Amino acid sequence: MVVDPHKYYIIARKGEIKPYLVLKQGDSFALFSHYGDIEQIGLGEEGIYHKGTRFVSRLEFFLFDAKPFFLSSGVREDNILLTVDLTNPDTIVSKNLFLPRGSIHVLRSKFLFEGGYYECIKIQNFALFPISLPFSIAFDADFADIFEVRGVRRERRGERLKATVRERSVILGYRGLDGVLREASFTFSPNPTEIRDSQAIFWTNLAPKGTFTLFLTISFIENGISQSFSFKEAFSKTKKTLETFKKKSCMISTSNEQFNAWVERSYTDLFMMLTEVPMGLYPYAGIPWFNTIFGRDGIITALECLWVNPDIAKGVLSYLAATQAKEEIPEKDAQPGKIIHEVRKGEMAATGEIPFDYYYGSVDTTPFFIILAGAYYERTGDREFIKLLWPHIELALNWIDYYGDMDKDGFIEYMPSANGLVNKGWKDSYDSVFHADGSLASPPIALVEVQGYVYAAKQNAAYLAKILGKEKIAKRLLKEAKALKRKFNKLFWCEEIGSYIFALDGNKSPCKVRTSNAGHALFSGIATKICAKRLTRTLFEDHFFSGWGIRTVSSLEKNYNPISYHNGSVWPHDNALIAYGLSHYGFKEQVLTIMKGLFEASNFFGLHRLPELFCGFPRRADEGPTHYPVACSPQTWSTVAVFFLIQACLGITFKEKKLYFYSPILPSFLEEVYLKNLRVGNDFIDLYLKRYQNDVVINVLKKKRDIEILILK
């Protein structure tokens with residue numbers, strides 16, 4: 001089998017990486033410059049995308065045939081609306097008229113909603129005399145597949161169609177190799193003075209303090225199907241959706257305003273990334289490269305915010321059950337019972353140029369699906385849903401035993417794919433699994449964290465089987481989990497490095513490498529107490545903990561590179577999973593260390609938005625963390641890491657109508673925490689938590705009589 005390890009590598013050809021402003025709603029997202037424009041500069045990823053295709057590749061505003069002066073721009077706190085303030089430079093309008101800078105104010109307000117882009121441009125004259133003002137909007141649509149933008153080369157493309165120009169609109173079209181007609185319809189109100197296939201020109205006469213308002217709507221049309229609303233109607237609808245989501249979620253506030261900014265950003269980014277699918281809500285993975293369904297990302301996101309809003313987990317489980325593989329399809333890495341890795345909707349997926357339309361190439365998503373099912377039941381007590389889900393859980397268990405354990409040694413392995421992924425754990429870079437000497441591990445590969453996920457999956461499945469009255473199945477699964485834990489700790493623990501090994505390669509040779517993957521053995525509970533204590537000490541030594549978080553690879557390792565994607569960087573979701581595991585083993589002070597590092601890191605990123613990852617350089621005094629060049633931001637499992645960290649600190653657990661706090665603790669920078677609208681069973685409670693040195697006092701502000709709260713040390 002010939003494998004191209006660089007096939008889906010995200011290419012960054014230019015040295016300058018410019019920050020962008022992000023909007024996302026449903027299957028659409030947009031990347032704008034600080035001007036609110038779309039230009040092919042930097043890495044060339046700016047644009048408005050819909051279902052994996054860039055429908056708008058240029059959108060530039062000009063005043064007097066030039067770029068206006070930039071004043072300010074930003075996305076509103078609720079992530080719905082992007083606004084840009086512009087003004088004119090010093091301008092010679094005519095021989096007898098000089099317009100000083102700052103005479104004209106331009107306010108651009110824009111958002112996305114249900115397959116459309118909406119922009120309102122308001123222009124006001126603050127000069128003391130009337131002005132005949134020219135301005136224009138240049139636009140284009142290249143209909144590039146997201147994988148083209150990422151750098152994948154295509155042998156041929158579809159047909160770009162001749163533009164349709166009307167009095168107030170322009171339609172740009174493209175018929176793809178998949179037979180789909182994709183169109184971008186640019187509609188202006190009022191009508192332009194002059195309209196062309198790539199430009200709309202306006203002349204307006206403005207009296208002193210006079211205003212002119214222009215509305216631009218861009219519809220993303222596939223095979224003639226689209227819908228559009230007025231600016232006001234679309235904006236009202238998207239606001240109501242946010243309000244509904246918040247009413248169903250536990251809202252967190254604290255005595256620390258900077259921490260509140262991080263939490264509030266996490267709520268609004270989570271809402272932005274949630275997408276309505278036929279089975280419920282599903283959190284898309286990240287912008288720009290992963291604005292779609294990913295099985296692993298969706299599951300981990302749902303776990304991280306399960307205590308805040310369990311509806312997300314139900315939507316994720318429902319979708320993944322509905323798309324569970326039913327047959328073997330080698331080119332898609334599909335096998336009966338396997339849970340999906342990734343779904344793509346663009347032209348290249350539809351034509352088979354990439355295998356990701358429905359792709360099953362991950363080794364860990366299937367056991368993680370069972371873990372989430374068990375956690376969801378514990379959180380909600382929703383027995384009827386678990387009863388419906390049980391056949392899918394059984395299929396997943398069958399996949400683990402029959403397909404996952406390729407050589408029947410009791411461990412789950414994977415092989416690389418010719419057309420798909422080389423590595424199939426969460427660190428899926430081609431060079432992410434290696435030995436201590438730096439050589440890449442030969443397949444099939446058994447990753448350390450995956451064995452832990454299988455252990456937790458069998459325990460959770462046993463719990464659910466017992467709930468459903470399947471005692472015989474429950475006993476068998478518990479027996480299998482116990483045997484796996486015993487064998488795992490015998491073969492994966494390495495005293496020499498003070499950690500579990502990274503993996504076993506195809507020859508069953510251990511990859512004696514210190515990686516954060518070993519920390520996931522704490523999350524799954526497969527680590528023994530003795531090994532957990534030793535591993536915890538290792539994870540927080542200087543070679544592992546950067547000051548901001550635990551690195552993916554220790555700086556002692558040969559392949560350590562703090563600027564790499566997986567071999568030395570810091571990933572917030574990775575740290576959150578480890579922190580959750582540390583909490584269960586009683587290492588609460590170390591949980592606080594991770595929380596403090598990530599909280600302080602969040603203060604150095606724009607909007608308090610933790611990105612997908614950042615570089616693993618050691619923390620330097622009075623400086624923030626170093627950005628990773630092509631990290632997604634937002635990336636949803638990073639976005640909601642703060643919720644998992646809070647849960648780990650407070651030891652929050654749910655059982656029926658009982659709410660438990662196991663050894664609750666708060667960091668020194670959080671004196672008070674308010675939990676409002678926390679769902680327990682079918683009811684809601686409000687709590688006030690106060691830190692007293694190493695203790696936390698919990699006061700009930702509002703609750704139903706039958707909700708019981710227990711604090712256990």
# chains A, B, ... in the order shown; residues from 1 in each chain; ligands from 1
>>> select_by_dssp(residues="region 531-676 of chain A", states="strand (DSSP E)", output="ChimeraX atom specification")
/A:652-655,658-662,672-676
>>> write_last_selection(atoms="N, CA and C atoms", output="short mmCIF file (atom, residue, chain, number, x, y, z; two decimals), in the first residue's frame")
data_model
loop_
_atom_site.label_atom_id
_atom_site.label_comp_id
_atom_site.auth_asym_id
_atom_site.auth_seq_id
_atom_site.Cartn_x
_atom_site.Cartn_y
_atom_site.Cartn_z
N ILE A 652 -18.13 17.92 40.19
CA ILE A 652 -19.58 17.84 39.96
C ILE A 652 -19.95 16.50 39.32
N THR A 653 -20.89 15.80 39.93
CA THR A 653 -21.40 14.53 39.41
C THR A 653 -22.90 14.46 39.65
N PHE A 654 -23.61 13.82 38.72
CA PHE A 654 -25.06 13.70 38.82
C PHE A 654 -25.46 12.23 38.92
N LYS A 655 -26.41 11.95 39.79
CA LYS A 655 -26.99 10.62 39.87
C LYS A 655 -28.46 10.78 40.22
N LYS A 658 -29.87 13.60 42.39
CA LYS A 658 -28.87 13.99 43.36
C LYS A 658 -27.70 14.67 42.66
N LEU A 659 -27.23 15.73 43.27
CA LEU A 659 -26.09 16.49 42.75
C LEU A 659 -24.95 16.37 43.75
N TYR A 660 -23.82 15.82 43.29
CA TYR A 660 -22.67 15.60 44.16
C TYR A 660 -21.55 16.59 43.84
N PHE A 661 -20.86 17.02 44.89
CA PHE A 661 -19.62 17.77 44.76
C PHE A 661 -18.53 16.97 45.48
N TYR A 662 -17.60 16.39 44.72
CA TYR A 662 -16.53 15.59 45.30
C TYR A 662 -15.30 16.46 45.53
N GLU A 672 -15.60 33.68 44.33
CA GLU A 672 -17.03 33.36 44.30
C GLU A 672 -17.42 32.83 42.92
N VAL A 673 -18.33 31.88 42.92
CA VAL A 673 -18.86 31.33 41.67
C VAL A 673 -20.38 31.20 41.80
N TYR A 674 -21.08 31.66 40.78
CA TYR A 674 -22.54 31.53 40.73
C TYR A 674 -22.90 30.54 39.61
N LEU A 675 -23.72 29.56 39.93
CA LEU A 675 -24.24 28.62 38.94
C LEU A 675 -25.75 28.84 38.86
N LYS A 676 -26.20 29.35 37.74
CA LYS A 676 -27.61 29.67 37.58
C LYS A 676 -28.24 28.75 36.55
#
>>> residues_around(residues="Ile252 (chain A)", least_positions_apart="6", cutoff="12 Å", atoms="only C-alpha atoms", output="JSON, numbers by chain")
{"A": [246, 259, 260, 261, 262, 263, 264, 265, 266, 267, 305, 307, 308, 309, 642, 643, 646, 647, 672, 673, 674, 675, 676, 677, 678, 686, 687, 688, 689]}
>>> atom_distance(atom1="CA of His520 (chain A)", atom2="CA of Tyr319 (chain A)")
25.2 Å
>>> residues_around(residues="region 289-304 of chain A", least_positions_apart="5", cutoff="7 Å", atoms="only C-alpha atoms", output="list of chain:residue names")
A:Tyr282, A:Pro283, A:Tyr284, A:Ile312, A:Ala313, A:Val316, A:Ile340, A:His341, A:Glu342, A:Val343, A:Arg344, A:Thr365, A:Phe368, A:Phe369, A:Leu372, A:Cys632, A:Thr636, A:Trp637, A:Val640, A:Ala641, A:Phe643, A:Phe644
>>> write_last_selection(atoms="C-alpha atoms", output="compact mmCIF listing (two decimals), in the first residue's frame")
# COMPACT_ATOMS: atom_id res chain seq x y z
CA TYR A 282 -24.27 19.14 16.75
CA PRO A 283 -21.15 21.21 17.50
CA TYR A 284 -19.07 21.70 14.36
CA ILE A 312 -25.82 18.74 23.04
CA ALA A 313 -24.76 15.21 24.00
CA VAL A 316 -24.31 14.16 19.09
CA ILE A 340 -17.97 8.26 11.87
CA HIS A 341 -14.83 10.39 11.94
CA GLU A 342 -15.73 13.20 9.54
CA VAL A 343 -18.45 14.43 7.17
CA ARG A 344 -17.73 16.75 4.22
CA THR A 365 -14.34 7.56 18.14
CA PHE A 368 -15.69 7.33 22.89
CA PHE A 369 -19.28 7.06 21.60
CA LEU A 372 -20.54 9.58 26.05
CA CYS A 632 -8.39 27.00 14.06
CA THR A 636 -15.01 23.98 19.73
CA TRP A 637 -13.34 21.46 22.03
CA VAL A 640 -15.58 24.52 26.07
CA ALA A 641 -12.47 23.31 27.92
CA PHE A 643 -16.47 24.05 31.52
CA PHE A 644 -14.66 20.73 31.98
>>> residues_around(residues="Leu112 (chain A)", least_positions_apart="4", cutoff="10 Å", atoms="only C-alpha atoms", output="PyMOL selection string")
chain A and resi 23-30+48+80-82+116-119+217-218+234-235+238
>>> residues_around(residues="region 403-414 of chain A", least_positions_apart="3", cutoff="7 Å", atoms="only C-alpha atoms", output="MDAnalysis selection string")
chainID A and resid 363 399:400 424 444:446 451 484
>>> write_last_selection(atoms="N, CA and C atoms", output="mmCIF file, in the first residue's frame")
data_model
loop_
_atom_site.group_PDB
_atom_site.id
_atom_site.type_symbol
_atom_site.label_atom_id
_atom_site.label_comp_id
_atom_site.auth_asym_id
_atom_site.auth_seq_id
_atom_site.Cartn_x
_atom_site.Cartn_y
_atom_site.Cartn_z
ATOM 1 N N VAL A 363 -9.672 5.602 15.164
ATOM 2 C CA VAL A 363 -9.682 4.377 15.959
ATOM 3 C C VAL A 363 -10.339 4.576 17.312
ATOM 4 N N TRP A 399 -17.627 -3.911 17.073
ATOM 5 C CA TRP A 399 -16.513 -3.385 16.275
ATOM 6 C C TRP A 399 -15.211 -3.418 17.077
ATOM 7 N N ILE A 400 -15.264 -3.027 18.326
ATOM 8 C CA ILE A 400 -14.073 -3.022 19.170
ATOM 9 C C ILE A 400 -13.445 -4.410 19.221
ATOM 10 N N LYS A 424 -4.546 7.465 13.230
ATOM 11 C CA LYS A 424 -5.991 7.511 13.427
ATOM 12 C C LYS A 424 -6.415 7.769 14.866
ATOM 13 N N PRO A 444 0.692 -2.375 12.570
ATOM 14 C CA PRO A 444 -0.427 -1.680 13.223
ATOM 15 C C PRO A 444 -0.028 -1.104 14.578
ATOM 16 N N ILE A 445 -0.647 0.009 14.944
ATOM 17 C CA ILE A 445 -0.256 0.762 16.129
ATOM 18 C C ILE A 445 -1.368 0.722 17.173
ATOM 19 N N ALA A 446 -0.974 0.405 18.410
ATOM 20 C CA ALA A 446 -1.908 0.401 19.545
ATOM 21 C C ALA A 446 -1.567 1.582 20.437
ATOM 22 N N GLN A 451 -6.570 2.409 24.452
ATOM 23 C CA GLN A 451 -6.834 1.256 25.325
ATOM 24 C C GLN A 451 -7.634 1.716 26.547
ATOM 25 N N LEU A 484 -8.492 -6.150 30.753
ATOM 26 C CA LEU A 484 -7.775 -5.155 29.937
ATOM 27 C C LEU A 484 -6.933 -4.249 30.828
#
>>> residues_around(residues="Ala483 (chain A)", least_positions_apart="2", cutoff="12 Å", atoms="only C-alpha atoms", output="NGL selection string")
:A and (409-411 or 451 or 454-455 or 458-459 or 476-481 or 485-490 or 526)
>>> select_by_dssp(residues="region 160-357 of chain A", states="alpha helix (DSSP H)", output="PyMOL selection string")
chain A and resi 231-247+257-273+295-304+311-322+347-351
>>> closest_residue(among="A:Ser432, A:Gln199, A:Ser136, A:Ser219", to="Ala163 (chain A)", atoms="only C-alpha atoms")
A:Gln199
>>> residues_around(residues="Ile530 (chain A)", least_positions_apart="6", cutoff="12 Å", atoms="only C-alpha atoms", output="ChimeraX atom specification")
/A:489,493,495,498-499,522,536-537,585
>>> closest_atom_pairs(of="region 31-105 of chain A", to="region 165-175 of chain A", cutoff="12 Å", atoms="only C-alpha atoms", output="Markdown table")
| residue | atom | partner | partner_atom | distance |
| --- | --- | --- | --- | --- |
| A:Thr53 | CA | A:Tyr174 | CA | 11.0 |
| A:Arg54 | CA | A:Tyr174 | CA | 11.3 |
| A:Phe55 | CA | A:Leu172 | CA | 9.1 |
| A:Val56 | CA | A:Leu172 | CA | 9.6 |
| A:Ser57 | CA | A:Leu172 | CA | 11.4 |
>>> write_last_selection(atoms="C-alpha atoms", output="mmCIF file, in the first residue's frame")
data_model
loop_
_atom_site.group_PDB
_atom_site.id
_atom_site.type_symbol
_atom_site.label_atom_id
_atom_site.label_comp_id
_atom_site.auth_asym_id
_atom_site.auth_seq_id
_atom_site.Cartn_x
_atom_site.Cartn_y
_atom_site.Cartn_z
ATOM 1 C CA THR A 53 -17.373 25.681 -0.752
ATOM 2 C CA ARG A 54 -16.161 29.285 -0.881
ATOM 3 C CA PHE A 55 -19.107 31.188 -2.351
ATOM 4 C CA VAL A 56 -17.490 34.625 -1.964
ATOM 5 C CA SER A 57 -13.776 35.064 -2.632
#
>>> closest_residue(among="A:Gln124, A:Ser185, A:Asn205, A:Asn79", to="Ile225 (chain A)", atoms="only C-alpha atoms")
A:Ser185
>>> atom_distance(atom1="CA of Asp311 (chain A)", atom2="CA of Leu270 (chain A)")
12.9 Å
>>> closest_residue(among="A:Cys531, A:Met273, A:Leu63, A:Ala325", to="Thr366 (chain A)", atoms="only C-alpha atoms")
A:Ala325
>>> closest_residue(among="A:Leu21, A:Ile354, A:Ile287, A:Ala436", to="Thr639 (chain A)", atoms="only C-alpha atoms")
A:Ile287
>>> decode(residues="region 240-279 of chain A", atoms="N, CA and C atoms", output="compact mmCIF listing (two decimals), in the first residue's frame")
# COMPACT_ATOMS: atom_id res chain seq x y z
N LYS A 240 -33.08 35.18 18.65
CA LYS A 240 -34.00 34.34 19.40
C LYS A 240 -33.41 32.95 19.62
N THR A 241 -32.69 32.43 18.63
CA THR A 241 -32.06 31.11 18.77
C THR A 241 -31.05 31.12 19.90
N LEU A 242 -30.26 32.17 20.01
CA LEU A 242 -29.27 32.29 21.09
C LEU A 242 -29.97 32.35 22.44
N GLU A 243 -31.03 33.11 22.54
CA GLU A 243 -31.76 33.25 23.81
C GLU A 243 -32.33 31.91 24.26
N THR A 244 -32.82 31.12 23.32
CA THR A 244 -33.37 29.80 23.64
C THR A 244 -32.30 28.87 24.18
N PHE A 245 -31.12 28.89 23.55
CA PHE A 245 -30.01 28.05 23.99
C PHE A 245 -29.60 28.40 25.42
N LYS A 246 -29.50 29.69 25.71
CA LYS A 246 -29.07 30.12 27.04
C LYS A 246 -30.07 29.71 28.11
N LYS A 247 -31.35 29.74 27.80
CA LYS A 247 -32.38 29.36 28.77
C LYS A 247 -32.26 27.89 29.17
N LYS A 248 -31.70 27.06 28.30
CA LYS A 248 -31.57 25.63 28.58
C LYS A 248 -30.21 25.26 29.15
N SER A 249 -29.34 26.24 29.37
CA SER A 249 -27.97 25.98 29.82
C SER A 249 -27.73 26.55 31.20
N CYS A 250 -26.83 25.91 31.94
CA CYS A 250 -26.38 26.47 33.20
C CYS A 250 -25.44 27.64 32.90
N MET A 251 -25.72 28.79 33.46
CA MET A 251 -24.91 29.97 33.22
C MET A 251 -23.98 30.20 34.42
N ILE A 252 -22.72 30.44 34.12
CA ILE A 252 -21.68 30.56 35.15
C ILE A 252 -21.20 31.99 35.19
N SER A 253 -21.09 32.54 36.39
CA SER A 253 -20.45 33.84 36.58
C SER A 253 -19.62 33.78 37.85
N THR A 254 -18.61 34.63 37.94
CA THR A 254 -17.69 34.57 39.07
C THR A 254 -17.35 35.99 39.54
N SER A 255 -16.53 36.05 40.56
CA SER A 255 -16.06 37.33 41.09
C SER A 255 -14.90 37.90 40.29
N ASN A 256 -14.40 37.16 39.29
CA ASN A 256 -13.26 37.59 38.49
C ASN A 256 -13.74 37.97 37.09
N GLU A 257 -13.65 39.24 36.75
CA GLU A 257 -14.18 39.71 35.47
C GLU A 257 -13.42 39.14 34.27
N GLN A 258 -12.11 38.95 34.41
CA GLN A 258 -11.35 38.35 33.30
C GLN A 258 -11.78 36.91 33.07
N PHE A 259 -11.99 36.18 34.16
CA PHE A 259 -12.47 34.81 34.03
C PHE A 259 -13.86 34.79 33.42
N ASN A 260 -14.70 35.76 33.82
CA ASN A 260 -16.04 35.85 33.23
C ASN A 260 -15.97 36.08 31.73
N ALA A 261 -14.99 36.88 31.29
CA ALA A 261 -14.84 37.13 29.85
C ALA A 261 -14.51 35.84 29.11
N TRP A 262 -13.66 35.01 29.73
CA TRP A 262 -13.32 33.71 29.13
C TRP A 262 -14.57 32.81 29.06
N VAL A 263 -15.31 32.75 30.15
CA VAL A 263 -16.51 31.91 30.20
C VAL A 263 -17.55 32.39 29.20
N GLU A 264 -17.78 33.70 29.16
CA GLU A 264 -18.79 34.24 28.25
C GLU A 264 -18.40 34.00 26.80
N ARG A 265 -17.12 34.15 26.49
CA ARG A 265 -16.65 33.85 25.13
C ARG A 265 -16.89 32.38 24.81
N SER A 266 -16.71 31.51 25.79
CA SER A 266 -16.92 30.08 25.56
C SER A 266 -18.39 29.79 25.26
N TYR A 267 -19.30 30.43 25.98
CA TYR A 267 -20.72 30.25 25.69
C TYR A 267 -21.06 30.69 24.27
N THR A 268 -20.63 31.89 23.92
CA THR A 268 -21.03 32.43 22.62
C THR A 268 -20.35 31.69 21.47
N ASP A 269 -19.11 31.25 21.67
CA ASP A 269 -18.46 30.45 20.62
C ASP A 269 -19.11 29.09 20.48
N LEU A 270 -19.48 28.48 21.60
CA LEU A 270 -20.19 27.20 21.54
C LEU A 270 -21.50 27.37 20.78
N PHE A 271 -22.25 28.41 21.11
CA PHE A 271 -23.51 28.65 20.39
C PHE A 271 -23.26 28.84 18.90
N MET A 272 -22.22 29.60 18.57
CA MET A 272 -21.92 29.85 17.17
C MET A 272 -21.60 28.56 16.42
N MET A 273 -20.90 27.64 17.09
CA MET A 273 -20.48 26.41 16.42
C MET A 273 -21.56 25.34 16.40
N LEU A 274 -22.59 25.49 17.23
CA LEU A 274 -23.69 24.52 17.21
C LEU A 274 -24.49 24.65 15.92
N THR A 275 -24.80 23.52 15.34
CA THR A 275 -25.54 23.51 14.07
C THR A 275 -26.71 22.55 14.20
N GLU A 276 -27.86 22.99 13.72
CA GLU A 276 -29.06 22.15 13.79
C GLU A 276 -29.01 21.10 12.69
N VAL A 277 -29.00 19.82 13.09
CA VAL A 277 -29.09 18.72 12.15
C VAL A 277 -30.41 18.00 12.43
N PRO A 278 -30.85 17.11 11.55
CA PRO A 278 -32.16 16.48 11.77
C PRO A 278 -32.30 15.77 13.11
N MET A 279 -31.18 15.36 13.71
CA MET A 279 -31.23 14.63 14.98
C MET A 279 -31.08 15.53 16.20
